[in-house]
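Chemist: The following block contains the structure, expressed as C-alpha cells.
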Amino acid sequence: MTAITAGAPSSNFFLDGNFSPVHEERDAEDMEVIGTIPADLQGHFLRVGPNPVYIFSEEAYHTFDGDGIIHSIEFRDGKARCRNRFIQNEGFKL
C-alpha cells in the first residue's frame with residue numbers, strides 16, 4: 001500500500017488528469033465570482049465521489065476503489081464558499 005504523490009503522472013486513467021486524487025482538505029471563503037450570484041440562490045451544491053487516499057496497486061486501481069470525498073459549494077448572500085472533506089472510513093484511518 002502506498003500513498004498517492006501529488007502531481008505525479010500516472011499511467012492509470014482513474015488516477016490522472018481530471019480524475020487525479022485530491023490530497024488535502026480545503027476551505028475557501030468568499031471565492032471570486034465572475035458576474036453575480038442571484039440573491040435568491042441560497043444553499044449547498046454537494047458532489048460526492050471516489051478519492052483514494054492510499055492505493056494498493058496503481059495498475060489495478062479502479063475508481064470504485066476510492067475511499068471517498070465530499071465537495072461542497074455554499075451559496076449565501078451573493079457569495080460562494082467552497083470546501084471539501086475526506087470520508088472518514090476505516091481505509092482512511094490506516
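Following the order of the C-alpha cells, first chain is A, next is B, and so on, with residues numbered from 1 inside each chain and ligands from 1 in the order they appear.
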How close does each residue of region 3-37 of chain A get to region 61-71 of chain A, giving the shortest atom pair and distance in Å to one decimal for every residue with an atom at most 10 Å away, counting only C-alpha atoms, sorted by chain and residue number, as a Markdown table?

Modeler:
| residue | atom | partner | partner_atom | distance |
| --- | --- | --- | --- | --- |
| A:Asn12 | CA | A:Tyr61 | CA | 7.5 |
| A:Phe13 | CA | A:His62 | CA | 8.7 |
| A:Phe14 | CA | A:Thr63 | CA | 5.7 |
| A:Leu15 | CA | A:Thr63 | CA | 8.1 |
| A:Phe19 | CA | A:Thr63 | CA | 8.5 |
| A:Pro21 | CA | A:Gly66 | CA | 9.0 |
| A:Val22 | CA | A:Ile69 | CA | 8.4 |
| A:Glu25 | CA | A:Ile69 | CA | 9.2 |
| A:Arg26 | CA | A:His71 | CA | 9.5 |

Chemist: Rounded to one decimal, what separation in Å do you get between CA of Ile37 (chain A) and CA of Ile73 (chain A)?

Modeler: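 The value is 12.4 Å.
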
Chemist: Mind checking DSSP for chain A and telling me the strand (DSSP E or B) residues as a JSON list (two decimals) with C-alpha atoms, in the first residue's frame?

Modeler:
[["chain", "number", "residue", "atom", "x", "y", "z"],
["A", 2, "THR", "CA", 1.36, 3.43, -0.91],
["A", 3, "ALA", "CA", 0.20, 7.00, -0.52],
["A", 27, "ASP", "CA", -11.85, 25.65, 2.85],
["A", 28, "ALA", "CA", -12.14, 28.72, 0.61],
["A", 43, "GLY", "CA", -28.00, 26.66, -0.18],
["A", 44, "HIS", "CA", -25.43, 23.98, -0.93],
["A", 45, "PHE", "CA", -24.30, 22.10, -4.00],
["A", 46, "LEU", "CA", -22.73, 18.78, -2.96],
["A", 47, "ARG", "CA", -20.65, 16.40, -5.04],
["A", 48, "VAL", "CA", -19.70, 13.03, -3.59],
["A", 49, "GLY", "CA", -17.17, 10.90, -5.40],
["A", 54, "TYR", "CA", -3.95, 5.01, -0.37],
["A", 55, "ILE", "CA", -3.70, 2.60, -3.28],
["A", 69, "ILE", "CA", -14.56, 12.77, -0.68],
["A", 70, "ILE", "CA", -17.36, 15.33, -0.43],
["A", 71, "HIS", "CA", -17.07, 18.68, -2.21],
["A", 72, "SER", "CA", -19.43, 21.47, -1.17],
["A", 73, "ILE", "CA", -20.18, 24.90, -2.61],
["A", 74, "GLU", "CA", -22.32, 27.03, -0.33],
["A", 75, "PHE", "CA", -24.24, 29.94, -1.84],
["A", 76, "ARG", "CA", -25.31, 32.65, 0.60],
["A", 79, "LYS", "CA", -21.18, 34.86, -2.12],
["A", 80, "ALA", "CA", -19.75, 31.37, -2.62],
["A", 81, "ARG", "CA", -17.77, 29.23, -0.20],
["A", 82, "CYS", "CA", -16.08, 26.02, -1.32],
["A", 83, "ARG", "CA", -14.79, 23.20, 0.87],
["A", 84, "ASN", "CA", -14.08, 19.51, 0.77],
["A", 85, "ARG", "CA", -13.78, 16.74, 3.35],
["A", 86, "PHE", "CA", -12.48, 13.18, 3.17]]

Chemist: Can you work out which one of A:Ser20, A:Gln42, A:Ser10, A:Asn89 has the shortest atom-to-atom distance to Ser57 (chain A), counting only C-alpha atoms?

Modeler: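 Smallest distance to Ser57 (chain A) is found for A:Ser10.
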
Chemist: Provide the CA of Gln88 (chain A) to CA of Phe56 (chain A) distance in Å, to one decimal place.

Modeler: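 About the pair CA of Gln88 (chain A) and CA of Phe56 (chain A): they are 18.4 Å apart.
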
Chemist: List every residue of chain A that DSSP, applied to the backbone, labels as helix (DSSP H, G or I), and write the result as a VMD selection string.

Modeler: chain A and resid 13 to 15 17 to 19 63 to 65

Chemist: With only C-alpha atoms as the atoms that count, which of A:Gly78, A:Glu24, A:Ser11, A:Asp16 lies nearest to Pro38 (chain A)?

Modeler: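 Between A:Gly78, A:Glu24, A:Ser11, A:Asp16, the residue approaching Pro38 (chain A) most closely is A:Gly78.
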
Chemist: For CA of Glu90 (chain A) and CA of Asn18 (chain A), determine how far apart the two atoms are, in Å to one decimal place.

Modeler: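 Computing it gives 25.6 Å between the two atoms.
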